[in-house]
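Engineer: Here you go, one structure.
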Amino acid sequence: MTLFDELKARGLVAQVTDEPEIKELINNGKATFYIGFDPTADSLTAGHFMALTLMKRLQSAGNRPIALIGGGTGMIGDPSGRTDMRKMMTQETIDHNCECFRRQMSRFIDFSDGKALMVNNADWLLGLNYIEFIRDIGPHFSVNKMLSAECYKQRLEKGLSFLEFNYMLLQSYDFYELYQRYGCNIQCGGDDQWSNMLGGTELIRRKLGKDAYALTIPLLCDSNGHKMGKTAGNAVWLDPDKTSPYDFYQYWRNVGDADVLKCIRVLTFLPVEQIEEMSSWEGAKLNEAKDILAYELTSLVHGEEEANKARAGARALFSAGADAEIPTAAIQDSDLTDGAIDVLTLLVKSGLVASKSEARRAVEQGGVTADGEKVSDIKATFAKDALKKGIVLRRGKKAFKKVICN
């Protein structure tokens, strides 16, 4: 199986401009490709995973990655996938975020000896003369065609500023500059960037008479179409000070049954053949698959030592041998209705929340688990037989009780 075939088998290819040419380049290690990263925070998130693992896969085959930090475009903001305008950042904030990104990317990409580059588009965008730029680049873009792009159409109803309207030109210009400076011949990115990426390939062809290509990857979404990498309304960060290795592990351990194999396929480096063997797994075997996913990704981001600690901590918390270390809460038969108790009442009785309204919010925000499984239904109930054995009920990152029916 060639590299390109593997990418397709893993579901990592959404759209391409010239498939035969792209296959030839990446299969033979001839691609210099780039992916852009918007420095809007001081840490990458789980939402960047597919881009980072794609860079790692391509580099392992001899291709050279360029991580383009949007220090220039970050001062405007990309309208793609948004319904409001991003806040502008100071240059100091952008510089700090760029340095944080480099440290985290180094776990995926080898920057030594020019094997990969990190470049900031502020190097060429901030010094542009507007009149010269518009005269040189503007004629190559049709306003009618730009307005038909999905990234602009979804913003037109609420209002699209001229500042943001420039974004396609600037991203296209990035590709044009990278081609000339570093021989960059492929732009990769999320599928929501397709229109912007086409603008870059067309600009290079029109101005330089050279071929350049684009490849998009699917957005990381769950089976309900929601972007993955969030929990209780917050991003799952790659920075251990923002999301601990344990909570990072637990996020992936608790993905839905319908999503676990897809996540293993697109995010891990396990062989495709091994993953295909998992396709028939059901029931308890799916929990094993979730553990594999969580361990592989935690090891990739935080190292094997932290992954082992996270796995051991999760198993210890829910094992019978750890009972003495887990605070307990007792409920009585009188607390049950028809031999069971609902999750909201159980949260209140355990002392993990002060009221049922607080319990409802905790469940609806995805912050409640029972024996390691996320509870998403506010009407979920637990039978007396299960409560006699004890259920480890967890709310948020640090609050948990073993609830036992006496």
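Letters A, B, ... mark the chains of the structure tokens in the order given; residue numbers begin at 1 per chain; ligand numbers begin at 1, in order shown.
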Using only C-alpha atoms, which protein or nucleic acid residues come within 12 Å of Leu293 in chain A? Drop anything in the same chain fewer than 2 positions from it, and give the result as a PyMOL selection string.
Structural biologist: chain A and resi 248-257+259-270+275+278+286-291+295-300+307+311
Engineer: Can you pull out every residue from range 199-389 of chain A that DSSP, working from the backbone, puts in helix (DSSP H, G or I), and format the result as a PDB file with C-alpha atoms, in the first residue's frame?
Structural biologist:
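File result00.pdb, as written:
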```
ATOM      1  CA  GLY A 199      -7.192  30.539  -4.750  1.00  0.00           C
ATOM      2  CA  GLY A 200      -3.558  29.812  -3.943  1.00  0.00           C
ATOM      3  CA  THR A 201      -3.087  27.146  -6.599  1.00  0.00           C
ATOM      4  CA  GLU A 202      -4.658  29.385  -9.241  1.00  0.00           C
ATOM      5  CA  LEU A 203      -2.539  32.377  -8.239  1.00  0.00           C
ATOM      6  CA  ILE A 204       0.685  30.376  -8.619  1.00  0.00           C
ATOM      7  CA  ARG A 205      -0.371  29.031 -11.997  1.00  0.00           C
ATOM      8  CA  ARG A 206      -1.405  32.448 -13.317  1.00  0.00           C
ATOM      9  CA  LYS A 207       1.550  34.460 -12.039  1.00  0.00           C
ATOM     10  CA  LEU A 208       4.352  31.918 -12.245  1.00  0.00           C
ATOM     11  CA  PRO A 245      -2.689  13.997  30.666  1.00  0.00           C
ATOM     12  CA  TYR A 246      -5.260  12.134  32.765  1.00  0.00           C
ATOM     13  CA  ASP A 247      -8.176  14.259  31.534  1.00  0.00           C
ATOM     14  CA  PHE A 248      -6.799  14.093  27.999  1.00  0.00           C
ATOM     15  CA  TYR A 249      -6.763  10.286  28.279  1.00  0.00           C
ATOM     16  CA  GLN A 250     -10.276  10.260  29.747  1.00  0.00           C
ATOM     17  CA  TYR A 251     -11.669  12.407  26.928  1.00  0.00           C
ATOM     18  CA  TRP A 252     -10.619   9.870  24.303  1.00  0.00           C
ATOM     19  CA  ARG A 253     -11.548   6.937  26.561  1.00  0.00           C
ATOM     20  CA  VAL A 260     -13.953   5.044  18.328  1.00  0.00           C
ATOM     21  CA  LEU A 261     -12.807   3.077  15.274  1.00  0.00           C
ATOM     22  CA  LYS A 262     -12.937   6.165  13.062  1.00  0.00           C
ATOM     23  CA  CYS A 263     -10.737   8.004  15.576  1.00  0.00           C
ATOM     24  CA  ILE A 264      -8.291   5.104  15.729  1.00  0.00           C
ATOM     25  CA  ARG A 265      -8.148   5.049  11.931  1.00  0.00           C
ATOM     26  CA  VAL A 266      -7.527   8.762  11.350  1.00  0.00           C
ATOM     27  CA  LEU A 267      -5.548   9.718  14.466  1.00  0.00           C
ATOM     28  CA  VAL A 272      -4.490  -0.303   8.874  1.00  0.00           C
ATOM     29  CA  GLU A 273      -4.669  -4.118   8.897  1.00  0.00           C
ATOM     30  CA  GLN A 274      -4.816  -4.151  12.704  1.00  0.00           C
ATOM     31  CA  ILE A 275      -7.569  -1.531  12.699  1.00  0.00           C
ATOM     32  CA  GLU A 276      -9.580  -3.500  10.149  1.00  0.00           C
ATOM     33  CA  GLU A 277      -9.511  -6.473  12.514  1.00  0.00           C
ATOM     34  CA  MET A 278     -11.165  -4.252  15.138  1.00  0.00           C
ATOM     35  CA  ALA A 284     -16.692  -4.984  25.927  1.00  0.00           C
ATOM     36  CA  LYS A 285     -14.263  -5.131  22.998  1.00  0.00           C
ATOM     37  CA  LEU A 286     -15.274  -1.575  22.069  1.00  0.00           C
ATOM     38  CA  ASN A 287     -14.200  -0.483  25.544  1.00  0.00           C
ATOM     39  CA  GLU A 288     -10.847  -2.115  24.841  1.00  0.00           C
ATOM     40  CA  ALA A 289     -10.676  -0.151  21.584  1.00  0.00           C
ATOM     41  CA  LYS A 290     -11.374   3.070  23.479  1.00  0.00           C
ATOM     42  CA  ASP A 291      -8.548   2.281  25.871  1.00  0.00           C
ATOM     43  CA  ILE A 292      -6.222   1.698  22.918  1.00  0.00           C
ATOM     44  CA  LEU A 293      -7.259   5.013  21.357  1.00  0.00           C
ATOM     45  CA  ALA A 294      -6.802   6.941  24.595  1.00  0.00           C
ATOM     46  CA  TYR A 295      -3.412   5.385  25.292  1.00  0.00           C
ATOM     47  CA  GLU A 296      -2.054   5.901  21.776  1.00  0.00           C
ATOM     48  CA  LEU A 297      -3.048   9.566  21.610  1.00  0.00           C
ATOM     49  CA  THR A 298      -1.920  10.391  25.151  1.00  0.00           C
ATOM     50  CA  SER A 299       1.429   8.746  24.422  1.00  0.00           C
ATOM     51  CA  LEU A 300       1.744  10.737  21.203  1.00  0.00           C
ATOM     52  CA  VAL A 301       1.076  14.080  22.904  1.00  0.00           C
ATOM     53  CA  HIS A 302       2.463  13.593  26.409  1.00  0.00           C
ATOM     54  CA  GLU A 304       4.637   7.007  27.159  1.00  0.00           C
ATOM     55  CA  GLU A 305       5.330   7.696  30.835  1.00  0.00           C
ATOM     56  CA  GLU A 306       2.366  10.054  31.184  1.00  0.00           C
ATOM     57  CA  ALA A 307       0.191   7.731  29.100  1.00  0.00           C
ATOM     58  CA  ASN A 308       1.019   4.836  31.410  1.00  0.00           C
ATOM     59  CA  LYS A 309       0.229   6.982  34.460  1.00  0.00           C
ATOM     60  CA  ALA A 310      -3.077   8.084  32.964  1.00  0.00           C
ATOM     61  CA  ARG A 311      -4.066   4.530  32.082  1.00  0.00           C
ATOM     62  CA  ALA A 312      -3.048   3.222  35.509  1.00  0.00           C
ATOM     63  CA  GLY A 313      -4.893   6.055  37.237  1.00  0.00           C
ATOM     64  CA  ALA A 314      -8.071   5.407  35.266  1.00  0.00           C
ATOM     65  CA  ARG A 315      -7.941   1.680  35.944  1.00  0.00           C
ATOM     66  CA  ALA A 316      -7.155   2.152  39.631  1.00  0.00           C
ATOM     67  CA  LEU A 317     -10.044   4.561  40.084  1.00  0.00           C
ATOM     68  CA  ALA A 320     -12.109  -2.925  43.332  1.00  0.00           C
ATOM     69  CA  GLY A 321      -8.601  -2.704  44.735  1.00  0.00           C
ATOM     70  CA  ALA A 322      -8.801   1.067  44.934  1.00  0.00           C
ATOM     71  CA  ASP A 323     -11.926   1.201  47.129  1.00  0.00           C
ATOM     72  CA  ALA A 324     -10.071   2.501  50.174  1.00  0.00           C
ATOM     73  CA  GLU A 325      -8.804   5.497  48.241  1.00  0.00           C
ATOM     74  CA  ASP A 333     -33.670   2.005  49.962  1.00  0.00           C
ATOM     75  CA  SER A 334     -35.953   4.936  50.699  1.00  0.00           C
ATOM     76  CA  ASP A 335     -34.050   6.965  48.103  1.00  0.00           C
ATOM     77  CA  VAL A 343     -28.821  10.330  37.850  1.00  0.00           C
ATOM     78  CA  LEU A 344     -29.848  13.822  38.970  1.00  0.00           C
ATOM     79  CA  THR A 345     -31.009  12.566  42.378  1.00  0.00           C
ATOM     80  CA  LEU A 346     -27.916  10.386  42.657  1.00  0.00           C
ATOM     81  CA  LEU A 347     -25.640  13.378  42.053  1.00  0.00           C
ATOM     82  CA  VAL A 348     -27.413  15.340  44.787  1.00  0.00           C
ATOM     83  CA  LYS A 349     -27.445  12.437  47.273  1.00  0.00           C
ATOM     84  CA  SER A 350     -23.744  11.794  46.670  1.00  0.00           C
ATOM     85  CA  LYS A 356     -30.917  19.084  40.796  1.00  0.00           C
ATOM     86  CA  SER A 357     -30.594  22.139  38.555  1.00  0.00           C
ATOM     87  CA  GLU A 358     -26.824  22.015  39.039  1.00  0.00           C
ATOM     88  CA  ALA A 359     -26.903  18.268  38.375  1.00  0.00           C
ATOM     89  CA  ARG A 360     -28.858  18.831  35.149  1.00  0.00           C
ATOM     90  CA  ARG A 361     -26.276  21.364  33.923  1.00  0.00           C
ATOM     91  CA  ALA A 362     -23.414  19.013  34.739  1.00  0.00           C
ATOM     92  CA  VAL A 363     -24.986  16.179  32.717  1.00  0.00           C
ATOM     93  CA  GLU A 364     -25.988  18.393  29.788  1.00  0.00           C
ATOM     94  CA  LYS A 384     -30.285  -1.298  43.087  1.00  0.00           C
ATOM     95  CA  ASP A 385     -28.211  -4.349  42.087  1.00  0.00           C
ATOM     96  CA  ALA A 386     -25.582  -2.116  40.479  1.00  0.00           C
ATOM     97  CA  LEU A 387     -25.610   0.236  43.448  1.00  0.00           C
ATOM     98  CA  LYS A 388     -25.031  -2.653  45.867  1.00  0.00           C
ATOM     99  CA  LYS A 389     -21.711  -3.281  44.104  1.00  0.00           C
TER     100      LYS A 389
END
```
Engineer: Applying 7 Å and only C-alpha atoms, which residues near Arg395 in chain A remain after dropping the ones on its own chain fewer than 5 positions away? List them as a list of chain:residue names.
Structural biologist: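 Contacts, with the query itself left out: A:Leu352, A:Gly367, A:Val368, A:Thr369, A:Phe400.
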Engineer: Need the shell around Ile217 in chain A: protein/DNA/RNA residues with any atom at most 12 Å away, counting only C-alpha atoms. Skip same-chain ones fewer than 6 positions apart. Format as a ChimeraX atom specification?
Structural biologist: /A:7-8,10-16,35,48-55,187-194,266-267
Engineer: Give me, as an MDAnalysis selection string, all polymer residues having an atom no more than 7 Å from Ile186 in chain A, counting only C-alpha atoms and skipping those fewer than 6 positions away in the same chain.
Structural biologist: chainID A and resid 31:34 212:214
Engineer: Given the selection you just returned, output its residues as a file containing N, CA and C atoms, formatted as a CSV table (one decimal), in the first residue's frame.
Structural biologist:
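Output below, filename part-v2.csv:
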```csv
chain,number,residue,atom,x,y,z
A,31,ALA,N,7.4,16.0,-2.1
A,31,ALA,CA,6.5,17.1,-1.7
A,31,ALA,C,7.1,18.0,-0.6
A,32,THR,N,7.0,19.3,-0.8
A,32,THR,CA,7.2,20.3,0.2
A,32,THR,C,5.8,20.9,0.4
A,33,PHE,N,5.2,20.6,1.5
A,33,PHE,CA,3.8,20.9,1.8
A,33,PHE,C,3.7,21.8,3.0
A,34,TYR,N,2.6,22.6,3.0
A,34,TYR,CA,2.4,23.4,4.2
A,34,TYR,C,0.9,23.2,4.7
A,212,ALA,N,0.9,23.9,-8.9
A,212,ALA,CA,0.8,23.7,-7.4
A,212,ALA,C,-0.5,23.1,-7.1
A,213,TYR,N,-0.6,22.4,-5.9
A,213,TYR,CA,-1.7,21.5,-5.7
A,213,TYR,C,-2.3,21.7,-4.3
A,214,ALA,N,-3.5,21.2,-4.1
A,214,ALA,CA,-4.2,21.3,-2.8
A,214,ALA,C,-4.8,20.0,-2.4
```
Engineer: What is the CA of Gly127 in chain A-CA of Glu177 in chain A distance in Å, reported with one decimal?
Structural biologist: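 CA of Gly127 in chain A sits 13.3 Å away from CA of Glu177 in chain A.
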Engineer: So that I can check the secondary structure, give me every residue of range 144-289 of chain A assigned strand (DSSP E or B) by backbone DSSP, as a list in words.
Structural biologist: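 Put together, the selection reads Ile186, Gln187, Cys188, Gly189, Gly190, Tyr213, Ala214, Leu215, Thr216, Ile217, Cys221, Lys227, Lys230, Thr231, Asn234, Ala235 and Trp237 of chain A.
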Engineer: Could you turn the residues from that selection into a file that holds N, CA and C atoms, as a PDB file, in the first residue's frame?
Structural biologist:
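Result file follows (selection-v8.pdb):
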```pdb
ATOM      1  N   ILE A 186       2.530  21.827  -2.397  1.00  0.00           N
ATOM      2  CA  ILE A 186       1.209  21.343  -1.974  1.00  0.00           C
ATOM      3  C   ILE A 186       0.768  22.105  -0.733  1.00  0.00           C
ATOM      4  N   GLN A 187      -0.469  22.544  -0.752  1.00  0.00           N
ATOM      5  CA  GLN A 187      -1.083  23.087   0.461  1.00  0.00           C
ATOM      6  C   GLN A 187      -2.087  22.076   0.993  1.00  0.00           C
ATOM      7  N   CYS A 188      -2.005  21.779   2.293  1.00  0.00           N
ATOM      8  CA  CYS A 188      -2.943  20.875   2.942  1.00  0.00           C
ATOM      9  C   CYS A 188      -3.724  21.646   3.997  1.00  0.00           C
ATOM     10  N   GLY A 189      -4.904  21.183   4.299  1.00  0.00           N
ATOM     11  CA  GLY A 189      -5.698  21.851   5.320  1.00  0.00           C
ATOM     12  C   GLY A 189      -7.061  21.219   5.465  1.00  0.00           C
ATOM     13  N   GLY A 190      -7.854  21.776   6.374  1.00  0.00           N
ATOM     14  CA  GLY A 190      -9.194  21.278   6.609  1.00  0.00           C
ATOM     15  C   GLY A 190     -10.099  21.519   5.414  1.00  0.00           C
ATOM     16  N   TYR A 213      -0.586  22.370  -5.931  1.00  0.00           N
ATOM     17  CA  TYR A 213      -1.704  21.478  -5.680  1.00  0.00           C
ATOM     18  C   TYR A 213      -2.280  21.691  -4.279  1.00  0.00           C
ATOM     19  N   ALA A 214      -3.494  21.177  -4.084  1.00  0.00           N
ATOM     20  CA  ALA A 214      -4.164  21.290  -2.787  1.00  0.00           C
ATOM     21  C   ALA A 214      -4.782  19.960  -2.403  1.00  0.00           C
ATOM     22  N   LEU A 215      -4.705  19.647  -1.112  1.00  0.00           N
ATOM     23  CA  LEU A 215      -5.287  18.427  -0.550  1.00  0.00           C
ATOM     24  C   LEU A 215      -5.954  18.792   0.763  1.00  0.00           C
ATOM     25  N   THR A 216      -7.232  18.476   0.891  1.00  0.00           N
ATOM     26  CA  THR A 216      -7.912  18.756   2.155  1.00  0.00           C
ATOM     27  C   THR A 216      -8.203  17.465   2.900  1.00  0.00           C
ATOM     28  N   ILE A 217      -8.260  17.601   4.230  1.00  0.00           N
ATOM     29  CA  ILE A 217      -8.616  16.494   5.099  1.00  0.00           C
ATOM     30  C   ILE A 217      -9.970  16.790   5.736  1.00  0.00           C
ATOM     31  N   CYS A 221     -15.036  15.320  13.234  1.00  0.00           N
ATOM     32  CA  CYS A 221     -16.389  15.418  13.788  1.00  0.00           C
ATOM     33  C   CYS A 221     -16.852  14.054  14.280  1.00  0.00           C
ATOM     34  N   LYS A 227     -18.010  18.959  16.051  1.00  0.00           N
ATOM     35  CA  LYS A 227     -16.554  18.933  16.067  1.00  0.00           C
ATOM     36  C   LYS A 227     -16.060  18.291  17.356  1.00  0.00           C
ATOM     37  N   LYS A 230     -13.763  18.738  22.290  1.00  0.00           N
ATOM     38  CA  LYS A 230     -14.330  19.611  23.316  1.00  0.00           C
ATOM     39  C   LYS A 230     -15.008  18.763  24.368  1.00  0.00           C
ATOM     40  N   THR A 231     -15.022  19.282  25.597  1.00  0.00           N
ATOM     41  CA  THR A 231     -15.713  18.605  26.682  1.00  0.00           C
ATOM     42  C   THR A 231     -16.269  19.660  27.620  1.00  0.00           C
ATOM     43  N   ASN A 234     -15.499  23.193  26.756  1.00  0.00           N
ATOM     44  CA  ASN A 234     -14.117  23.668  26.689  1.00  0.00           C
ATOM     45  C   ASN A 234     -13.302  22.818  25.721  1.00  0.00           C
ATOM     46  N   ALA A 235     -12.268  23.438  25.169  1.00  0.00           N
ATOM     47  CA  ALA A 235     -11.390  22.717  24.254  1.00  0.00           C
ATOM     48  C   ALA A 235     -10.534  21.712  25.019  1.00  0.00           C
ATOM     49  N   TRP A 237      -7.057  20.644  25.247  1.00  0.00           N
ATOM     50  CA  TRP A 237      -5.779  21.249  24.859  1.00  0.00           C
ATOM     51  C   TRP A 237      -4.662  20.221  24.839  1.00  0.00           C
TER      52      TRP A 237
END
```
Engineer: Name the residues in contact with Met89 in chain A at a cut-off of 12 Å, using only C-alpha atoms, excluding same-chain residues fewer than 6 positions from it; report them as an NGL selection string.
Structural biologist: :A and (38-42 or 70-77 or 95-97)
Engineer: For Phe37 in chain A, please output as a VMD selection string all residues within 9 Å (counting only C-alpha atoms; exclusion window: fewer than 4 positions along the same chain).
Structural biologist: chain A and resid 44 48 67 to 70 101
